[in-house]
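Q: For reference, the file model36.cif (mmCIF, C-alpha atoms) is included below:
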data_entry
loop_
_atom_site.group_PDB
_atom_site.id
_atom_site.type_symbol
_atom_site.label_atom_id
_atom_site.label_comp_id
_atom_site.auth_asym_id
_atom_site.auth_seq_id
_atom_site.Cartn_x
_atom_site.Cartn_y
_atom_site.Cartn_z
ATOM 1 C CA MET A 248 0.000 0.000 0.000
ATOM 2 C CA ILE A 249 2.801 2.424 0.918
ATOM 3 C CA ASP A 250 4.503 1.804 -2.429
ATOM 4 C CA ALA A 251 1.234 2.433 -4.280
ATOM 5 C CA LEU A 252 0.897 5.825 -2.581
ATOM 6 C CA ALA A 253 4.334 6.825 -3.939
ATOM 7 C CA LEU A 254 5.210 8.503 -0.638
ATOM 8 C CA PRO A 255 7.835 7.760 2.010
ATOM 9 C CA THR A 256 6.425 5.799 4.964
ATOM 10 C CA GLU A 257 7.254 8.680 7.307
ATOM 11 C CA HIS A 258 5.239 11.106 5.188
ATOM 12 C CA VAL A 259 2.255 8.751 5.077
ATOM 13 C CA LEU A 260 2.249 8.423 8.875
ATOM 14 C CA TRP A 261 2.421 12.187 9.280
ATOM 15 C CA LEU A 262 -0.443 12.677 6.834
ATOM 16 C CA VAL A 263 -2.560 10.147 8.755
ATOM 17 C CA LEU A 264 -1.999 12.073 11.991
ATOM 18 C CA ILE A 265 -2.708 15.392 10.268
ATOM 19 C CA CYS A 266 -5.964 14.109 8.766
ATOM 20 C CA PHE A 267 -7.093 12.700 12.114
ATOM 21 C CA PHE A 268 -6.431 16.007 13.843
ATOM 22 C CA ALA A 269 -8.056 17.963 11.007
ATOM 23 C CA GLY A 270 -11.065 15.641 11.220
ATOM 24 C CA MET A 271 -11.401 16.470 14.918
ATOM 25 C CA VAL A 272 -11.425 20.183 14.109
ATOM 26 C CA ARG A 273 -14.037 19.608 11.381
ATOM 27 C CA GLY A 274 -16.230 17.511 13.644
ATOM 28 C CA PHE A 275 -16.108 20.200 16.315
ATOM 29 C CA SER A 276 -16.423 23.333 14.185
ATOM 30 C CA GLY A 277 -18.086 22.200 10.944
ATOM 31 C CA PHE A 278 -15.230 23.507 8.769
ATOM 32 C CA ALA A 279 -11.423 23.896 8.556
ATOM 33 C CA LEU A 280 -10.495 20.282 7.733
ATOM 34 C CA SER A 281 -8.907 21.288 4.438
ATOM 35 C CA ALA A 282 -7.347 24.402 5.934
ATOM 36 C CA VAL A 283 -5.641 22.422 8.695
ATOM 37 C CA VAL A 284 -4.361 19.760 6.287
ATOM 38 C CA MET A 285 -3.217 22.417 3.818
ATOM 39 C CA ALA A 286 -1.454 24.397 6.548
ATOM 40 C CA ILE A 287 0.683 21.413 7.577
ATOM 41 C CA GLY A 288 0.495 19.076 4.598
ATOM 42 C CA VAL A 289 2.315 21.462 2.255
ATOM 43 C CA ILE A 290 5.465 20.408 4.093
ATOM 44 C CA PHE A 291 5.168 17.045 2.335
ATOM 45 C CA LEU A 292 3.180 17.739 -0.851
ATOM 46 C CA PRO A 293 2.396 20.782 -3.041
ATOM 47 C CA PRO A 294 -1.160 22.212 -2.925
ATOM 48 C CA ILE A 295 -1.985 20.846 -6.394
ATOM 49 C CA ALA A 296 -1.374 17.312 -5.023
ATOM 50 C CA LEU A 297 -3.185 17.945 -1.743
ATOM 51 C CA ILE A 298 -6.336 19.439 -3.287
ATOM 52 C CA PRO A 299 -7.708 16.231 -4.902
ATOM 53 C CA MET A 300 -6.789 14.239 -1.770
ATOM 54 C CA LEU A 301 -8.703 16.712 0.344
ATOM 55 C CA TRP A 302 -11.844 16.118 -1.697
ATOM 56 C CA PHE A 303 -12.017 12.610 -0.227
ATOM 57 C CA GLN A 304 -11.445 13.906 3.294
ATOM 58 C CA GLU A 305 -14.195 16.510 2.933
ATOM 59 C CA ILE A 306 -16.776 14.141 1.445
ATOM 60 C CA THR A 307 -16.012 11.601 4.182
ATOM 61 C CA ALA A 308 -16.504 14.227 6.880
ATOM 62 C CA SER A 309 -19.669 15.501 5.186
ATOM 63 C CA LEU A 310 -21.243 12.051 5.121
ATOM 64 C CA PHE A 311 -20.779 11.847 8.882
ATOM 65 C CA MET A 312 -22.185 15.339 9.495
ATOM 66 C CA VAL A 313 -24.695 16.180 6.743
ATOM 67 C CA ARG A 314 -27.761 15.013 8.669
ATOM 68 C CA GLY A 315 -27.241 17.572 11.438
ATOM 69 C CA GLY A 316 -26.150 20.189 8.902
ATOM 70 C CA TRP A 317 -29.386 19.851 6.933
ATOM 71 C CA ALA A 318 -31.426 20.454 10.080
ATOM 72 C CA ASP A 319 -29.475 23.514 11.298
ATOM 73 C CA ALA A 320 -28.392 25.223 8.058
ATOM 74 C CA ASN A 321 -29.830 28.266 6.308
ATOM 75 C CA ARG A 322 -30.573 26.413 3.054
ATOM 76 C CA LYS A 323 -31.371 29.480 0.949
ATOM 77 C CA THR A 324 -28.011 30.994 1.802
ATOM 78 C CA VAL A 325 -26.202 27.733 1.144
ATOM 79 C CA THR A 326 -27.796 27.463 -2.321
ATOM 80 C CA GLY A 327 -26.446 30.881 -3.349
ATOM 81 C CA LEU A 328 -22.998 30.078 -1.997
ATOM 82 C CA VAL A 329 -22.832 26.733 -3.808
ATOM 83 C CA LEU A 330 -23.860 28.229 -7.169
ATOM 84 C CA GLY A 331 -21.334 31.056 -6.803
ATOM 85 C CA SER A 332 -18.638 28.578 -5.830
ATOM 86 C CA ALA A 333 -19.279 26.604 -9.023
ATOM 87 C CA VAL A 334 -18.232 29.695 -10.974
ATOM 88 C CA GLY A 335 -15.129 30.359 -8.873
ATOM 89 C CA VAL A 336 -13.529 26.894 -8.601
ATOM 90 C CA PRO A 337 -12.270 26.739 -12.233
ATOM 91 C CA ILE A 338 -10.660 30.161 -11.806
ATOM 92 C CA GLY A 339 -8.829 29.027 -8.678
ATOM 93 C CA LEU A 340 -7.620 25.803 -10.286
ATOM 94 C CA THR A 341 -6.312 27.721 -13.279
ATOM 95 C CA LEU A 342 -4.296 29.963 -10.947
ATOM 96 C CA THR A 343 -2.975 26.964 -8.998
ATOM 97 C CA GLN A 344 -1.749 25.227 -12.153
ATOM 98 C CA SER A 345 -0.077 28.361 -13.472
ATOM 99 C CA LEU A 346 1.910 29.196 -10.314
ATOM 100 C CA PRO A 347 5.282 27.671 -9.330
ATOM 101 C CA VAL A 348 5.009 25.077 -6.528
ATOM 102 C CA GLU A 349 6.722 27.215 -3.877
ATOM 103 C CA THR A 350 4.640 30.253 -4.763
ATOM 104 C CA SER A 351 1.476 28.182 -4.637
ATOM 105 C CA LYS A 352 2.367 26.984 -1.142
ATOM 106 C CA LEU A 353 2.927 30.537 0.115
ATOM 107 C CA VAL A 354 -0.285 31.786 -1.482
ATOM 108 C CA ALA A 355 -2.300 28.950 0.069
ATOM 109 C CA LEU A 356 -0.877 29.547 3.546
ATOM 110 C CA SER A 357 -1.257 33.326 3.264
ATOM 111 C CA ILE A 358 -4.923 32.951 2.317
ATOM 112 C CA ILE A 359 -5.513 30.926 5.478
ATOM 113 C CA VAL A 360 -3.814 33.526 7.701
ATOM 114 C CA VAL A 361 -5.640 36.504 6.181
ATOM 115 C CA LEU A 362 -9.094 34.912 6.293
ATOM 116 C CA ALA A 363 -8.626 33.564 9.805
ATOM 117 C CA ALA A 364 -7.297 36.890 11.111
ATOM 118 C CA THR A 365 -10.207 38.742 9.496
ATOM 119 C CA GLN A 366 -12.683 36.537 11.304
ATOM 120 C CA LEU A 367 -10.750 36.661 14.567
ATOM 121 C CA THR A 368 -11.014 40.467 14.661
ATOM 122 C CA LYS A 369 -14.799 40.076 14.276
ATOM 123 C CA LEU A 370 -14.762 42.389 11.289
ATOM 124 C CA ARG A 371 -18.316 43.010 10.130
ATOM 125 C CA MET A 372 -19.011 43.682 6.458
ATOM 126 C CA PRO A 373 -22.675 44.773 6.036
ATOM 127 C CA PHE A 374 -22.572 44.529 2.225
ATOM 128 C CA LEU A 375 -22.146 40.761 2.554
ATOM 129 C CA ALA A 376 -25.758 40.554 3.724
ATOM 130 C CA THR A 377 -26.906 41.665 0.246
ATOM 131 C CA ARG A 378 -27.601 39.358 -2.724
ATOM 132 C CA ALA A 379 -24.443 40.633 -4.428
ATOM 133 C CA GLY A 380 -22.512 39.862 -1.261
ATOM 134 C CA LEU A 381 -23.926 36.339 -1.218
ATOM 135 C CA TRP A 382 -22.954 35.582 -4.813
ATOM 136 C CA GLY A 383 -19.611 37.360 -4.471
ATOM 137 C CA SER A 384 -18.760 35.330 -1.388
ATOM 138 C CA GLY A 385 -19.681 32.131 -3.218
ATOM 139 C CA ILE A 386 -17.460 32.988 -6.188
ATOM 140 C CA LEU A 387 -14.567 33.959 -3.909
ATOM 141 C CA ALA A 388 -15.052 30.738 -1.944
ATOM 142 C CA GLY A 389 -14.798 28.813 -5.221
ATOM 143 C CA ILE A 390 -11.612 30.607 -6.245
ATOM 144 C CA VAL A 391 -10.028 29.938 -2.857
ATOM 145 C CA THR A 392 -11.202 26.316 -3.017
ATOM 146 C CA GLY A 393 -9.492 25.868 -6.376
ATOM 147 C CA LEU A 394 -6.367 27.642 -5.178
ATOM 148 C CA ALA A 395 -5.994 26.250 -1.660
ATOM 149 C CA HIS A 396 -9.139 24.183 -0.913
ATOM 150 C CA VAL A 397 -10.109 26.452 2.009
ATOM 151 C CA GLY A 398 -13.352 27.889 0.632
ATOM 152 C CA GLY A 399 -15.066 27.038 3.902
ATOM 153 C CA MET A 400 -13.149 29.891 5.507
ATOM 154 C CA VAL A 401 -14.678 32.382 3.064
ATOM 155 C CA VAL A 402 -18.130 30.962 3.700
ATOM 156 C CA ALA A 403 -17.524 31.237 7.433
ATOM 157 C CA LEU A 404 -16.669 34.915 6.982
ATOM 158 C CA TYR A 405 -19.927 35.424 5.091
ATOM 159 C CA VAL A 406 -21.995 33.726 7.788
ATOM 160 C CA LEU A 407 -20.237 35.781 10.473
ATOM 161 C CA ALA A 408 -21.515 38.963 8.832
ATOM 162 C CA SER A 409 -25.104 37.815 9.369
ATOM 163 C CA ASN A 410 -24.600 37.250 13.123
ATOM 164 C CA ALA A 411 -25.900 33.694 12.773
ATOM 165 C CA PRO A 412 -25.947 31.453 15.865
ATOM 166 C CA ALA A 413 -23.016 29.059 16.193
ATOM 167 C CA ARG A 414 -25.200 26.036 15.459
ATOM 168 C CA GLU A 415 -26.618 27.600 12.270
ATOM 169 C CA MET A 416 -23.163 28.665 11.140
ATOM 170 C CA ARG A 417 -21.835 25.145 11.704
ATOM 171 C CA GLY A 418 -24.825 23.606 9.912
ATOM 172 C CA SER A 419 -24.531 25.951 6.928
ATOM 173 C CA LEU A 420 -20.839 25.179 6.551
ATOM 174 C CA VAL A 421 -21.464 21.446 6.732
ATOM 175 C CA LEU A 422 -24.217 21.632 4.105
ATOM 176 C CA PHE A 423 -22.180 23.941 1.842
ATOM 177 C CA LEU A 424 -19.159 21.656 1.887
ATOM 178 C CA PHE A 425 -21.324 18.621 1.166
ATOM 179 C CA ALA A 426 -23.327 20.243 -1.648
ATOM 180 C CA SER A 427 -20.257 21.757 -3.300
ATOM 181 C CA SER A 428 -18.390 18.432 -3.307
ATOM 182 C CA ALA A 429 -20.072 17.216 -6.494
ATOM 183 C CA ILE A 430 -19.165 20.418 -8.325
ATOM 184 C CA SER A 431 -15.589 20.232 -7.059
ATOM 185 C CA LEU A 432 -15.216 16.625 -8.233
ATOM 186 C CA ILE A 433 -16.393 17.474 -11.755
ATOM 187 C CA THR A 434 -14.051 20.452 -11.959
ATOM 188 C CA LEU A 435 -11.060 18.575 -10.544
ATOM 189 C CA THR A 436 -11.601 15.784 -13.069
ATOM 190 C CA LEU A 437 -11.968 18.151 -16.031
ATOM 191 C CA PHE A 438 -8.752 19.924 -15.060
ATOM 192 C CA GLY A 439 -6.916 16.601 -14.809
ATOM 193 C CA VAL A 440 -6.092 17.212 -11.158
ATOM 194 C CA MET A 441 -8.090 14.226 -9.902
ATOM 195 C CA ASN A 442 -6.174 11.157 -11.046
ATOM 196 C CA GLY A 443 -5.748 7.578 -9.871
ATOM 197 C CA GLN A 444 -2.856 8.272 -7.540
ATOM 198 C CA ALA A 445 -4.628 11.229 -5.908
ATOM 199 C CA ALA A 446 -7.743 9.094 -5.435
ATOM 200 C CA LEU A 447 -5.735 6.263 -3.867
ATOM 201 C CA ARG A 448 -4.038 8.655 -1.453
ATOM 202 C CA GLY A 449 -7.346 10.295 -0.596
ATOM 203 C CA LEU A 450 -9.066 6.969 0.080
ATOM 204 C CA ALA A 451 -6.142 5.733 2.175
ATOM 205 C CA LEU A 452 -6.341 8.799 4.419
ATOM 206 C CA ALA A 453 -10.152 8.934 4.635
ATOM 207 C CA PRO A 454 -10.443 6.543 7.632
ATOM 208 C CA ALA A 455 -8.189 8.805 9.709
ATOM 209 C CA SER A 456 -10.344 11.826 8.858
ATOM 210 C CA ALA A 457 -13.525 9.884 9.637
ATOM 211 C CA LEU A 458 -12.245 8.818 13.047
ATOM 212 C CA GLY A 459 -11.247 12.403 13.791
ATOM 213 C CA VAL A 460 -14.721 13.665 12.848
ATOM 214 C CA VAL A 461 -16.368 11.175 15.201
ATOM 215 C CA VAL A 462 -14.148 12.336 18.063
ATOM 216 C CA GLY A 463 -14.623 16.019 17.195
ATOM 217 C CA LYS A 464 -18.426 15.748 17.091
ATOM 218 C CA THR A 465 -18.458 14.579 20.701
ATOM 219 C CA LEU A 466 -16.733 17.825 21.676
ATOM 220 C CA PHE A 467 -19.424 20.066 20.128
ATOM 221 C CA ARG A 468 -21.476 20.681 23.250
ATOM 222 C CA PRO A 469 -23.757 23.649 24.009
ATOM 223 C CA ALA A 470 -21.484 24.896 26.772
ATOM 224 C CA TRP A 471 -18.530 25.053 24.393
ATOM 225 C CA GLU A 472 -20.262 26.663 21.399
ATOM 226 C CA PRO A 473 -19.108 30.235 22.228
ATOM 227 C CA TYR A 474 -15.478 29.125 22.041
ATOM 228 C CA TYR A 475 -15.335 26.785 19.061
ATOM 229 C CA LYS A 476 -14.664 29.387 16.373
ATOM 230 C CA LEU A 477 -12.010 31.177 18.437
ATOM 231 C CA PHE A 478 -10.161 27.905 18.927
ATOM 232 C CA CYS A 479 -10.172 27.009 15.239
ATOM 233 C CA LEU A 480 -9.155 30.438 13.993
ATOM 234 C CA CYS A 481 -6.248 30.748 16.429
ATOM 235 C CA LEU A 482 -5.093 27.266 15.507
ATOM 236 C CA LEU A 483 -5.169 28.005 11.775
ATOM 237 C CA ILE A 484 -3.258 31.254 12.157
ATOM 238 C CA VAL A 485 -0.498 29.544 14.155
ATOM 239 C CA LEU A 486 -0.184 26.586 11.782
ATOM 240 C CA ALA A 487 -0.242 28.632 8.596
ATOM 241 C CA THR A 488 2.194 31.210 9.967
ATOM 242 C CA LEU A 489 4.646 28.469 10.900
ATOM 243 C CA GLY A 490 4.273 27.064 7.389
ATOM 244 C CA ILE A 491 4.978 30.464 5.821
ATOM 245 C CA LEU A 492 8.080 30.931 7.988
ATOM 246 C CA ARG A 493 9.317 27.479 7.041
ATOM 247 C CA GLN A 494 8.856 28.211 3.352
ATOM 248 C CA SER A 495 10.476 31.643 3.638
ATOM 249 C CA ILE A 496 13.648 30.398 5.294
ATOM 250 C CA GLY A 497 13.789 27.354 3.016
ATOM 251 C CA ALA A 498 13.931 24.900 5.928
#
When written as C-alpha cells, how does the structure in this file appear?

A:
Amino acid sequence: MIDALALPTEHVLWLVLICFFAGMVRGFSGFALSAVVMAIGVIFLPPIALIPMLWFQEITASLFMVRGGWADANRKTVTGLVLGSAVGVPIGLTLTQSLPVETSKLVALSIIVVLAATQLTKLRMPFLATRAGLWGSGILAGIVTGLAHVGGMVVALYVLASNAPAREMRGSLVLFLFASSAISLITLTLFGVMNGQAALRGLALAPASALGVVVGKTLFRPAWEPYYKLFCLCLLIVLATLGILRQSIGA
C-alpha cells in the first residue's frame, strides 16, 4: 500500500496524523479540515497534489455530518454560496496550475492567515448581507477552493456577517461543503487534477479523517459553542504562519 501511494512511509504516517487532527477540528467546528491539512500538509506535498486528496477527506466528513447540517443550516443561503462557488472553482484551479510550486504553497498559507485573522477580529461587512454579497462570497469561496481548498473559511466569513448562531453557522458550513463536493469533483476531473494516484491517497487517508470527525463531534457541546470558532481560527493562524516561515527560510 505504501509503495502504491508513492510517498515515504514517514510522510504517510504524518499525513494520517494530520488528517485525524483535522477531522477532529471539522467535527467540532463544521469547517477547517482542508485548511488544517493544507497548513501542515504542504510540508510534504504541493497544494496541487493535496487538493484532490482533500476532496475525499471533505466528502467523508460531510457524510458523517450532513444530517445535522441539513437540520441547522440556512438552506437558501447555502444554495447561493454553492452556485457562486461553481463559478469560482475553475478560476482558482487555473491559478494553482499556473503558479510555481513554492509560490502556490505561500499563497495557500497566506490565504488561510488573512481569512482567519479577518474573522478573529470580528470584522463586520454589512454589504455581505446583500444578494451581491452572497454571490460574491460564493465565487470567492470557489476561487479559494481551487487555489488552496479552504473555501469554507470564506463561507464562514460570510456567515459571520449575518450574526448567525453558532449552530446555524456550523450547519450551513457542513451543508455547503457537502453540496459543493459534487461540483468540485467534476471540476477537478476536467482539469486533470483528480487522477488515480490522488484518489488512492485520498481513500487511504479517509479513515483517519472519519475517526477524527467522530471524536470532534463529541466535543461540540452547548457549553462550548461560544469558544469553538475562536479555537479554530487561532489554531489556523499559528499553523499557517509556521508554514509560511518554514517556506520563507527554506527549511

Q: Residues at most 10 Å from segment 460-472 of chain A, counting all atoms listed in the file, excluding those fewer than 4 positions away in the same chain, as a VMD selection string?

A: chain A and resid 266 to 277 280 307 to 309 311 to 312 412 to 414 417 454 to 456 476 to 477

Q: Using all atoms listed in the file, determine which residues lie at most 7 Å from Met416 of chain A, disregarding the query and same-chain residues fewer than 4 positions distant; provide the list as number ranges by chain.

A: A: 320, 406, 411-412, 420

Q: Atom CA of Ser431 of chain A to atom CA of Ala296 of chain A: how many Å, to one decimal?

A: 14.7 Å

Q: Please enumerate the residues selected by the PyMOL selection byres ((chain A and resi 386) around 7) when evaluated against the supplied file, formatted as a list in words.

A: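 In the shown coordinates, the PyMOL selection byres ((chain A and resi 386) around 7) covers Gly331, Ser332, Val334, Gly335, Trp382, Gly383, Ser384, Gly385, Leu387, Ala388, Gly389 and Ile390 of chain A.
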
Q: To verify the selection step, state as a PyMOL selection string which residues the PyMOL selection byres ((chain A and resi 486) around 9) yields on this input.

A: chain A and resi 283+286-287+356+360+481-485+487-491

Q: Produce a table with one row for each residue of segment 285-332 of chain A that has an atom at most 9 Å from any atom of segment 434-444 of chain A, each row naming the nearest atom pair and its distance in Å at one decimal; use all atoms listed in the file; arrange rows by chain and rising residue number; format as a Markdown table.

A:
| residue | atom | partner | partner_atom | distance |
| --- | --- | --- | --- | --- |
| A:Ile295 | CA | A:Val440 | CA | 7.3 |
| A:Ala296 | CA | A:Val440 | CA | 7.7 |
| A:Ile298 | CA | A:Val440 | CA | 8.2 |
| A:Pro299 | CA | A:Met441 | CA | 5.4 |
| A:Met300 | CA | A:Met441 | CA | 8.2 |

Q: Kindly give the distance, in Å, that separates atom CA of Leu342 of chain A and atom CA of Val391 of chain A, rounded to a single decimal.

A: 9.9 Å

Q: In Å, how far is it from atom CA of Val354 of chain A to atom CA of Leu450 of chain A?

A: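 Pair atom CA of Val354 of chain A / atom CA of Leu450 of chain A returns 26.4 Å.
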
Q: Which residue, A:Arg493, A:Ile359, A:Asp319, A:Tyr405, has the smallest gap to Leu422 of chain A when you use all atoms listed in the file?

A: A:Asp319

Q: Could you list, as a list in words, every residue matched by the PyMOL selection byres ((chain A and resi 427) around 9) in this structure?

A: Leu328, Val329, Leu330, Ser332, Ala333, Leu422, Phe423, Leu424, Phe425, Ala426, Ser428, Ala429, Ile430, Ser431 and Leu432 of chain A

Q: For a quick check of understanding, using all atoms listed in the file, which of A:Ser495, A:Gly399, A:Ile290, A:Leu452 has the smallest distance to Leu362 of chain A?

A: A:Gly399

Q: Generate the missing atoms of segment 251-268 of chain A up to N, CA and C atoms and report them as an mmCIF file, in the coordinates of the input.

A:
data_model
loop_
_atom_site.group_PDB
_atom_site.id
_atom_site.type_symbol
_atom_site.label_atom_id
_atom_site.label_comp_id
_atom_site.auth_asym_id
_atom_site.auth_seq_id
_atom_site.Cartn_x
_atom_site.Cartn_y
_atom_site.Cartn_z
ATOM 1 N N ALA A 251 2.257 1.946 -3.357
ATOM 2 C CA ALA A 251 1.234 2.433 -4.280
ATOM 3 C C ALA A 251 0.952 3.921 -4.082
ATOM 4 N N LEU A 252 1.133 4.411 -2.861
ATOM 5 C CA LEU A 252 0.897 5.825 -2.581
ATOM 6 C C LEU A 252 2.034 6.705 -3.091
ATOM 7 N N ALA A 253 3.169 6.095 -3.423
ATOM 8 C CA ALA A 253 4.334 6.825 -3.939
ATOM 9 C C ALA A 253 4.774 7.920 -2.978
ATOM 10 N N LEU A 254 4.772 7.580 -1.681
ATOM 11 C CA LEU A 254 5.210 8.503 -0.638
ATOM 12 C C LEU A 254 6.079 7.750 0.355
ATOM 13 N N PRO A 255 7.058 8.413 0.956
ATOM 14 C CA PRO A 255 7.835 7.760 2.010
ATOM 15 C C PRO A 255 6.928 7.373 3.180
ATOM 16 N N THR A 256 7.248 6.265 3.844
ATOM 17 C CA THR A 256 6.425 5.799 4.964
ATOM 18 C C THR A 256 6.253 6.877 6.020
ATOM 19 N N GLU A 257 7.321 7.610 6.299
ATOM 20 C CA GLU A 257 7.254 8.680 7.307
ATOM 21 C C GLU A 257 6.237 9.739 6.913
ATOM 22 N N HIS A 258 6.192 10.099 5.652
ATOM 23 C CA HIS A 258 5.239 11.106 5.188
ATOM 24 C C HIS A 258 3.799 10.597 5.306
ATOM 25 N N VAL A 259 3.598 9.334 4.979
ATOM 26 C CA VAL A 259 2.255 8.751 5.077
ATOM 27 C C VAL A 259 1.765 8.796 6.519
ATOM 28 N N LEU A 260 2.625 8.422 7.464
ATOM 29 C CA LEU A 260 2.249 8.423 8.875
ATOM 30 C C LEU A 260 1.921 9.835 9.352
ATOM 31 N N TRP A 261 2.703 10.799 8.912
ATOM 32 C CA TRP A 261 2.421 12.187 9.280
ATOM 33 C C TRP A 261 1.086 12.646 8.699
ATOM 34 N N LEU A 262 0.815 12.287 7.461
ATOM 35 C CA LEU A 262 -0.443 12.677 6.834
ATOM 36 C C LEU A 262 -1.640 12.026 7.525
ATOM 37 N N VAL A 263 -1.485 10.800 7.999
ATOM 38 C CA VAL A 263 -2.560 10.147 8.755
ATOM 39 C C VAL A 263 -2.853 10.922 10.027
ATOM 40 N N LEU A 264 -1.815 11.309 10.759
ATOM 41 C CA LEU A 264 -1.999 12.073 11.991
ATOM 42 C C LEU A 264 -2.625 13.434 11.707
ATOM 43 N N ILE A 265 -2.173 14.080 10.631
ATOM 44 C CA ILE A 265 -2.708 15.392 10.268
ATOM 45 C C ILE A 265 -4.190 15.285 9.929
ATOM 46 N N CYS A 266 -4.560 14.271 9.152
ATOM 47 C CA CYS A 266 -5.964 14.109 8.766
ATOM 48 C C CYS A 266 -6.846 13.781 9.972
ATOM 49 N N PHE A 267 -6.330 12.994 10.901
ATOM 50 C CA PHE A 267 -7.093 12.700 12.114
ATOM 51 C C PHE A 267 -7.341 13.982 12.907
ATOM 52 N N PHE A 268 -6.301 14.752 13.094
ATOM 53 C CA PHE A 268 -6.431 16.007 13.843
ATOM 54 C C PHE A 268 -7.359 16.979 13.120
#
